[in-house]
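Okay, structure first, notes after.
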Amino acid sequence: MSRKLGLTAASAALALTLAACGGEGAGSGGGGGGGGSEEELSIGVSMPTQTSERWIADGEAVQEQLEAEGYEVDLQYAGDDIPTQSQQVDQMITQGADALIIAAIDGTALSGQLQAAADAGIPVISYDRLIRDTENVDFYVSFDNFKVGVAQGNALLTGLGIANDDAPDGTATGPFNIELFAGSLDDNNAFFFFDGAMSVLQPKIDDGTLVVKSGQTTIEQAATLRWQQETAQKRMEDLLTSSYNDGTRVDGVLSPYDGLSRGIITALQNAGYGSAAQPISVVTGQDAEIASVKLIKDGVQSSTIFKDTRLLAEQAVIAAQAFLEGEEPEANDTETYDNGVKVIPSYLLPVVTVFSDDIEKELVETEYWTAEEVEAGQSD
Ligand code: GAL
């Protein structure tokens, strides 16, 4: 309610200012001009990092779609540095953003900024990663993150030939050695991915089909700070040294994100995996990053989970627009995402598992990547 009042007040103030400007500036050739463009609203878009192509695509998609709707956009990337992101959001607020769309690096680190946003009547949309421990988040757009984890668990089983909900005709019985990787513990999504995957894998660990030879089965042990590829590579190297130098092999690796998958694959290849005698382990992923899509096509990475960032951007834009028109955006989930203070109304999108046979239909025909990009393993 206060947000709506705030917006109304802001619009009134803006109208007054514009009227004043129009009066004074009429003869000075300033920006006035009498057209409708004076009312252009501006939206701050804060993205975590450019080291992952996924966030570059997200930022571009949000910017393009907002601009197409006539909004001014201030898009900033924070280089995975928390103080930088805080500063960028602060600046968006002081520069008069009318709404904020934020994909947080650390989901708990922006409380001060968001209080300032609330005080200024600026609606805040949490983008893909839930912002936690504050009441000053108005809406959440994401994918069904628990289902992402379930899909990753199933994809690991499918890759190993074990029957599961997505591939009921598997006949392999194991036992197979696997290792588990998780994302960054300051990202709420990491828990949903891991819990979803373990809901599928734990019963198979319990019945002996799967063996986590390192014994590292908690999310804390499996975590990868800031989702860093190098960190995952190093941990995989350590696991190979500590648990697999007795002639046994690691048959599968649960990886929650393509960047980590590539680090894991590099470690495996450096240890001699990827030959006829020692085939590469089954490695899962997420985001359909182009370098990983190429690896999947080449039979190196087993699978990824495709989340269409264009659709996510679209939902963020729809939500921002609703707030700016004084409405509440439509949620399709009002139960799952408790941020520690309140349940945030959410719009969750579905996800698609991609093995090599699915690349053409899911990624090329949908124009997410061109056939040439898949061939080259990089975007144009
Ligand atoms: C998560 C996101 C994943 C992946 C990961 C690393 O928050 O949901 O899709 O991109 O960050 O960037």
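Convention: chains lettered A, B, ... in structure tokens order; per-chain residue numbering from 1; ligands numbered from 1 as shown.
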
Close residues to ligand 1 using only C-alpha atoms and all ligand atoms, limit 6 Å, as number ranges by chain: A: 128-129, 189, 227, 257, 287

For the selection just defined, write its residues with N, CA, C and O atoms to a file, as an mmCIF file, in the first residue's frame.
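The new file selection-v9.cif reads:
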```cif
data_model
loop_
_atom_site.group_PDB
_atom_site.id
_atom_site.type_symbol
_atom_site.label_atom_id
_atom_site.label_comp_id
_atom_site.auth_asym_id
_atom_site.auth_seq_id
_atom_site.Cartn_x
_atom_site.Cartn_y
_atom_site.Cartn_z
ATOM 1 N N ASP A 128 15.663 -14.505 -10.396
ATOM 2 C CA ASP A 128 16.211 -15.868 -10.384
ATOM 3 C C ASP A 128 16.705 -16.343 -9.028
ATOM 4 O O ASP A 128 16.478 -17.465 -8.637
ATOM 5 N N ARG A 129 17.435 -15.500 -8.297
ATOM 6 C CA ARG A 129 17.915 -15.863 -6.958
ATOM 7 C C ARG A 129 17.095 -15.095 -5.923
ATOM 8 O O ARG A 129 17.001 -13.865 -6.020
ATOM 9 N N ASN A 189 19.228 -20.650 -4.267
ATOM 10 C CA ASN A 189 18.957 -21.687 -5.261
ATOM 11 C C ASN A 189 19.782 -22.941 -5.019
ATOM 12 O O ASN A 189 19.346 -24.051 -5.311
ATOM 13 N N TRP A 227 30.119 -20.216 -7.184
ATOM 14 C CA TRP A 227 29.910 -21.042 -8.389
ATOM 15 C C TRP A 227 31.141 -21.031 -9.298
ATOM 16 O O TRP A 227 31.017 -21.073 -10.528
ATOM 17 N N TYR A 257 25.661 -26.805 -12.260
ATOM 18 C CA TYR A 257 25.784 -25.643 -13.161
ATOM 19 C C TYR A 257 26.905 -25.920 -14.171
ATOM 20 O O TYR A 257 27.965 -26.449 -13.806
ATOM 21 N N ASP A 287 21.958 -24.621 -17.341
ATOM 22 C CA ASP A 287 21.973 -23.316 -18.020
ATOM 23 C C ASP A 287 22.175 -23.399 -19.524
ATOM 24 O O ASP A 287 22.069 -22.389 -20.210
#
```

Could you give me, as a list in words, the residues within 9 Å of segment 213-224 of chain A, counting only C-alpha atoms and dropping anything in the same chain fewer than 5 positions from it? Asn177, Ile178, Glu179, Leu180, Phe181, Ala182, Gly183, Ser184, Leu185, Ala190, Phe191, Phe194, Asp195, Gln229, Thr231, Ala232, Arg235, Leu239, Ser242, Ser243, Tyr244, Val250 and Leu260 of chain A

I'd like the contact shell of segment 269-275 of chain A - 10 Å cut-off, only C-alpha atoms, skipping same-chain residues fewer than 3 positions apart - returned as JSON, numbers by chain. {"A": [237, 240, 241, 249, 250, 263, 264, 265, 266, 278, 279, 280, 281, 299, 300]}

Need to verify the contact set: Val283 of chain A, 7 Å, only C-alpha atoms, exclusion of same-chain residues closer than 3 positions in sequence. Can you return it as an mmCIF file with N, CA and C atoms, in the first residue's frame?
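Output (selection-v1.cif):
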```cif
data_model
loop_
_atom_site.group_PDB
_atom_site.id
_atom_site.type_symbol
_atom_site.label_atom_id
_atom_site.label_comp_id
_atom_site.auth_asym_id
_atom_site.auth_seq_id
_atom_site.Cartn_x
_atom_site.Cartn_y
_atom_site.Cartn_z
ATOM 1 N N GLY A 252 30.012 -41.168 -12.089
ATOM 2 C CA GLY A 252 29.111 -40.042 -12.326
ATOM 3 C C GLY A 252 29.379 -38.900 -11.373
ATOM 4 N N VAL A 253 29.063 -37.676 -11.825
ATOM 5 C CA VAL A 253 29.229 -36.502 -10.967
ATOM 6 C C VAL A 253 27.974 -35.639 -11.084
ATOM 7 N N LEU A 254 27.356 -35.353 -9.940
ATOM 8 C CA LEU A 254 26.234 -34.416 -9.919
ATOM 9 C C LEU A 254 26.821 -33.011 -9.918
ATOM 10 N N SER A 255 26.573 -32.282 -10.996
ATOM 11 C CA SER A 255 27.016 -30.890 -11.051
ATOM 12 C C SER A 255 25.795 -30.010 -11.286
ATOM 13 N N SER A 261 30.552 -27.857 -14.185
ATOM 14 C CA SER A 261 30.704 -29.095 -14.964
ATOM 15 C C SER A 261 31.984 -29.048 -15.794
ATOM 16 N N GLN A 301 30.296 -33.866 -21.946
ATOM 17 C CA GLN A 301 29.349 -33.648 -20.836
ATOM 18 C C GLN A 301 28.068 -34.417 -21.176
ATOM 19 N N SER A 302 27.413 -34.959 -20.166
ATOM 20 C CA SER A 302 26.253 -35.809 -20.447
ATOM 21 C C SER A 302 24.974 -35.005 -20.694
ATOM 22 N N SER A 303 24.711 -34.012 -19.826
ATOM 23 C CA SER A 303 23.417 -33.313 -19.913
ATOM 24 C C SER A 303 23.520 -31.912 -19.343
#
```

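Nearest-residue note for Glu328 of chain A: choosing from A:Gly161, A:Pro345, A:Gly259, A:Gly285, the minimum distance belongs to A:Pro345, counting only C-alpha atoms.
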
Write out as a ChimeraX atom specification which residues come within 10 Å of Pro83 of chain A when counting only C-alpha atoms, dropping same-chain ones fewer than 5 positions away. /A:78,88-89,105,109-110

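For the pair atom CA of Lys204 of chain A and atom CA of Thr171 of chain A, the interatomic distance is 13.8 Å.
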
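Proximity to Val343 of chain A was assessed for A:Glu135, A:Asp246, A:Asp186, A:Asp119 counting only C-alpha atoms; the smallest distance is recorded for A:Glu135.
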
Give the strand (DSSP E) residues of segment 192-377 of chain A, as assigned by DSSP on the backbone, as a ChimeraX atom specification. /A:210-212,252-254,282-283,304-306,346-349,352-354

Output C-alpha atoms of each residue in that selection to a file, as an mmCIF file, in the first residue's frame.
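What landed in selection.cif:
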```cif
data_model
loop_
_atom_site.group_PDB
_atom_site.id
_atom_site.type_symbol
_atom_site.label_atom_id
_atom_site.label_comp_id
_atom_site.auth_asym_id
_atom_site.auth_seq_id
_atom_site.Cartn_x
_atom_site.Cartn_y
_atom_site.Cartn_z
ATOM 1 C CA LEU A 210 25.085 -45.432 -5.898
ATOM 2 C CA VAL A 211 28.157 -45.006 -3.708
ATOM 3 C CA VAL A 212 29.595 -41.605 -2.800
ATOM 4 C CA GLY A 252 29.111 -40.042 -12.326
ATOM 5 C CA VAL A 253 29.229 -36.502 -10.967
ATOM 6 C CA LEU A 254 26.234 -34.416 -9.919
ATOM 7 C CA VAL A 282 28.549 -38.942 -16.545
ATOM 8 C CA VAL A 283 28.462 -35.220 -15.634
ATOM 9 C CA THR A 304 22.347 -29.836 -18.932
ATOM 10 C CA ILE A 305 19.119 -28.252 -17.723
ATOM 11 C CA PHE A 306 17.836 -25.596 -20.103
ATOM 12 C CA SER A 346 6.579 -15.880 -7.253
ATOM 13 C CA TYR A 347 6.293 -16.629 -10.921
ATOM 14 C CA LEU A 348 8.111 -19.884 -11.657
ATOM 15 C CA LEU A 349 8.931 -21.164 -15.133
ATOM 16 C CA VAL A 352 13.884 -28.822 -19.794
ATOM 17 C CA THR A 353 16.544 -31.535 -19.554
ATOM 18 C CA VAL A 354 18.871 -31.623 -22.573
#
```

Using DSSP secondary structure from the backbone, list all alpha helix (DSSP H) positions within segment 68-273 of chain A, as JSON, numbers by chain. {"A": [68, 82, 83, 84, 85, 86, 87, 88, 89, 90, 91, 92, 93, 94, 111, 112, 113, 114, 115, 116, 117, 118, 119, 145, 146, 147, 148, 149, 150, 151, 152, 153, 154, 155, 156, 157, 158, 159, 160, 188, 189, 190, 191, 192, 193, 194, 195, 196, 197, 198, 199, 200, 201, 202, 203, 204, 205, 206, 219, 220, 221, 222, 229, 230, 231, 232, 233, 234, 235, 236, 237, 238, 239, 240, 241, 242, 243, 258, 259, 260, 261, 262, 263, 264, 265, 266, 267, 268, 269, 270]}

Proximity to Asp81 of chain A - best of A:Asp380, A:Glu69, A:Glu64, A:Asp106, only C-alpha atoms: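 Smallest distance to Asp81 of chain A is found for A:Asp106.
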
Can you tell me which residues surround Ile359 of chain A at a distance of at most 9 Å, considering only C-alpha atoms, apart from same-chain residues fewer than 5 positions away, and format the answer as an NGL selection string? :A and (293 or 296-297 or 354 or 364-365 or 374)

Between A:Asp207, A:Phe146, A:Gln115, A:Gln315, smallest distance to Asp133 of chain A by only C-alpha atoms belongs to A:Gln115

Under the rule that only C-alpha atoms are counted, which of A:Ala57, A:Ala104, A:Leu268, A:Ala291 is the nearest residue to Asp308 of chain A?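 Checking each candidate against Asp308 of chain A, we get A:Ala57 as the closest.
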
For Thr309 of chain A: contacts at 10 Å, only C-alpha atoms, fewer than 2 positions along chain excluded, given as a list of chain:residue names: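 The filter keeps A:Arg54, A:Trp55, A:Ala57, A:Asp58, A:Gly59, A:Glu60, A:Ala61, A:Val62, A:Asp128, A:Ser142, A:Phe143, A:Asp287, A:Phe306, A:Lys307, A:Leu311, A:Leu312, A:Ala313, A:Glu314, A:Gln315, A:Leu349, A:Tyr368.
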
Can I get the selection written as a PDB file, in the first residue's frame, with N, CA, C and O atoms?
```
ATOM      1  N   ARG A  54      25.586 -16.885 -19.032  1.00  0.00           N
ATOM      2  CA  ARG A  54      24.171 -16.938 -18.696  1.00  0.00           C
ATOM      3  C   ARG A  54      23.670 -15.573 -18.215  1.00  0.00           C
ATOM      4  O   ARG A  54      22.630 -15.102 -18.643  1.00  0.00           O
ATOM      5  N   TRP A  55      24.461 -14.914 -17.349  1.00  0.00           N
ATOM      6  CA  TRP A  55      24.019 -13.639 -16.790  1.00  0.00           C
ATOM      7  C   TRP A  55      24.133 -12.515 -17.816  1.00  0.00           C
ATOM      8  O   TRP A  55      23.401 -11.525 -17.739  1.00  0.00           O
ATOM      9  N   ALA A  57      23.426 -12.997 -20.973  1.00  0.00           N
ATOM     10  CA  ALA A  57      22.189 -13.192 -21.745  1.00  0.00           C
ATOM     11  C   ALA A  57      20.990 -12.649 -20.978  1.00  0.00           C
ATOM     12  O   ALA A  57      20.111 -11.991 -21.551  1.00  0.00           O
ATOM     13  N   ASP A  58      20.951 -12.906 -19.681  1.00  0.00           N
ATOM     14  CA  ASP A  58      19.841 -12.398 -18.861  1.00  0.00           C
ATOM     15  C   ASP A  58      19.787 -10.869 -18.914  1.00  0.00           C
ATOM     16  O   ASP A  58      18.733 -10.275 -19.132  1.00  0.00           O
ATOM     17  N   GLY A  59      20.949 -10.254 -18.676  1.00  0.00           N
ATOM     18  CA  GLY A  59      21.005  -8.787 -18.649  1.00  0.00           C
ATOM     19  C   GLY A  59      20.541  -8.202 -19.975  1.00  0.00           C
ATOM     20  O   GLY A  59      19.716  -7.286 -20.012  1.00  0.00           O
ATOM     21  N   GLU A  60      21.039  -8.786 -21.072  1.00  0.00           N
ATOM     22  CA  GLU A  60      20.665  -8.266 -22.394  1.00  0.00           C
ATOM     23  C   GLU A  60      19.181  -8.447 -22.653  1.00  0.00           C
ATOM     24  O   GLU A  60      18.510  -7.549 -23.168  1.00  0.00           O
ATOM     25  N   ALA A  61      18.665  -9.616 -22.283  1.00  0.00           N
ATOM     26  CA  ALA A  61      17.247  -9.890 -22.551  1.00  0.00           C
ATOM     27  C   ALA A  61      16.358  -8.938 -21.749  1.00  0.00           C
ATOM     28  O   ALA A  61      15.382  -8.395 -22.275  1.00  0.00           O
ATOM     29  N   VAL A  62      16.707  -8.722 -20.487  1.00  0.00           N
ATOM     30  CA  VAL A  62      15.888  -7.814 -19.666  1.00  0.00           C
ATOM     31  C   VAL A  62      15.956  -6.400 -20.242  1.00  0.00           C
ATOM     32  O   VAL A  62      14.941  -5.721 -20.402  1.00  0.00           O
ATOM     33  N   ASP A 128      15.663 -14.505 -10.396  1.00  0.00           N
ATOM     34  CA  ASP A 128      16.211 -15.868 -10.384  1.00  0.00           C
ATOM     35  C   ASP A 128      16.705 -16.343  -9.028  1.00  0.00           C
ATOM     36  O   ASP A 128      16.478 -17.465  -8.637  1.00  0.00           O
ATOM     37  N   SER A 142      11.514 -16.720 -11.241  1.00  0.00           N
ATOM     38  CA  SER A 142      12.563 -17.736 -11.312  1.00  0.00           C
ATOM     39  C   SER A 142      12.020 -18.947 -12.057  1.00  0.00           C
ATOM     40  O   SER A 142      10.962 -18.884 -12.697  1.00  0.00           O
ATOM     41  N   PHE A 143      12.768 -20.039 -11.963  1.00  0.00           N
ATOM     42  CA  PHE A 143      12.302 -21.317 -12.484  1.00  0.00           C
ATOM     43  C   PHE A 143      11.917 -22.159 -11.269  1.00  0.00           C
ATOM     44  O   PHE A 143      12.156 -21.759 -10.133  1.00  0.00           O
ATOM     45  N   ASP A 287      21.958 -24.621 -17.341  1.00  0.00           N
ATOM     46  CA  ASP A 287      21.973 -23.316 -18.020  1.00  0.00           C
ATOM     47  C   ASP A 287      22.175 -23.399 -19.524  1.00  0.00           C
ATOM     48  O   ASP A 287      22.069 -22.389 -20.210  1.00  0.00           O
ATOM     49  N   PHE A 306      18.063 -26.833 -19.360  1.00  0.00           N
ATOM     50  CA  PHE A 306      17.836 -25.596 -20.103  1.00  0.00           C
ATOM     51  C   PHE A 306      16.774 -24.761 -19.405  1.00  0.00           C
ATOM     52  O   PHE A 306      15.669 -25.226 -19.154  1.00  0.00           O
ATOM     53  N   LYS A 307      17.161 -23.524 -19.089  1.00  0.00           N
ATOM     54  CA  LYS A 307      16.214 -22.568 -18.525  1.00  0.00           C
ATOM     55  C   LYS A 307      16.215 -21.376 -19.485  1.00  0.00           C
ATOM     56  O   LYS A 307      17.246 -20.711 -19.636  1.00  0.00           O
ATOM     57  N   LEU A 311      12.472 -16.075 -21.427  1.00  0.00           N
ATOM     58  CA  LEU A 311      11.165 -16.125 -20.758  1.00  0.00           C
ATOM     59  C   LEU A 311      11.244 -15.543 -19.353  1.00  0.00           C
ATOM     60  O   LEU A 311      10.308 -14.912 -18.867  1.00  0.00           O
ATOM     61  N   LEU A 312      12.396 -15.764 -18.711  1.00  0.00           N
ATOM     62  CA  LEU A 312      12.575 -15.210 -17.367  1.00  0.00           C
ATOM     63  C   LEU A 312      12.594 -13.684 -17.434  1.00  0.00           C
ATOM     64  O   LEU A 312      11.949 -12.993 -16.637  1.00  0.00           O
ATOM     65  N   ALA A 313      13.321 -13.174 -18.416  1.00  0.00           N
ATOM     66  CA  ALA A 313      13.376 -11.724 -18.615  1.00  0.00           C
ATOM     67  C   ALA A 313      11.971 -11.183 -18.841  1.00  0.00           C
ATOM     68  O   ALA A 313      11.575 -10.161 -18.275  1.00  0.00           O
ATOM     69  N   GLU A 314      11.210 -11.901 -19.650  1.00  0.00           N
ATOM     70  CA  GLU A 314       9.856 -11.471 -19.961  1.00  0.00           C
ATOM     71  C   GLU A 314       9.005 -11.359 -18.681  1.00  0.00           C
ATOM     72  O   GLU A 314       8.280 -10.382 -18.486  1.00  0.00           O
ATOM     73  N   GLN A 315       9.141 -12.339 -17.804  1.00  0.00           N
ATOM     74  CA  GLN A 315       8.365 -12.297 -16.560  1.00  0.00           C
ATOM     75  C   GLN A 315       8.807 -11.141 -15.673  1.00  0.00           C
ATOM     76  O   GLN A 315       7.991 -10.520 -14.986  1.00  0.00           O
ATOM     77  N   LEU A 349       8.994 -20.608 -13.776  1.00  0.00           N
ATOM     78  CA  LEU A 349       8.931 -21.164 -15.133  1.00  0.00           C
ATOM     79  C   LEU A 349       9.401 -22.623 -15.133  1.00  0.00           C
ATOM     80  O   LEU A 349      10.207 -23.020 -14.285  1.00  0.00           O
ATOM     81  N   TYR A 368      17.529 -20.515 -29.393  1.00  0.00           N
ATOM     82  CA  TYR A 368      18.340 -20.097 -28.239  1.00  0.00           C
ATOM     83  C   TYR A 368      19.801 -20.030 -28.684  1.00  0.00           C
ATOM     84  O   TYR A 368      20.515 -19.088 -28.363  1.00  0.00           O
TER      85      TYR A 368
END
```
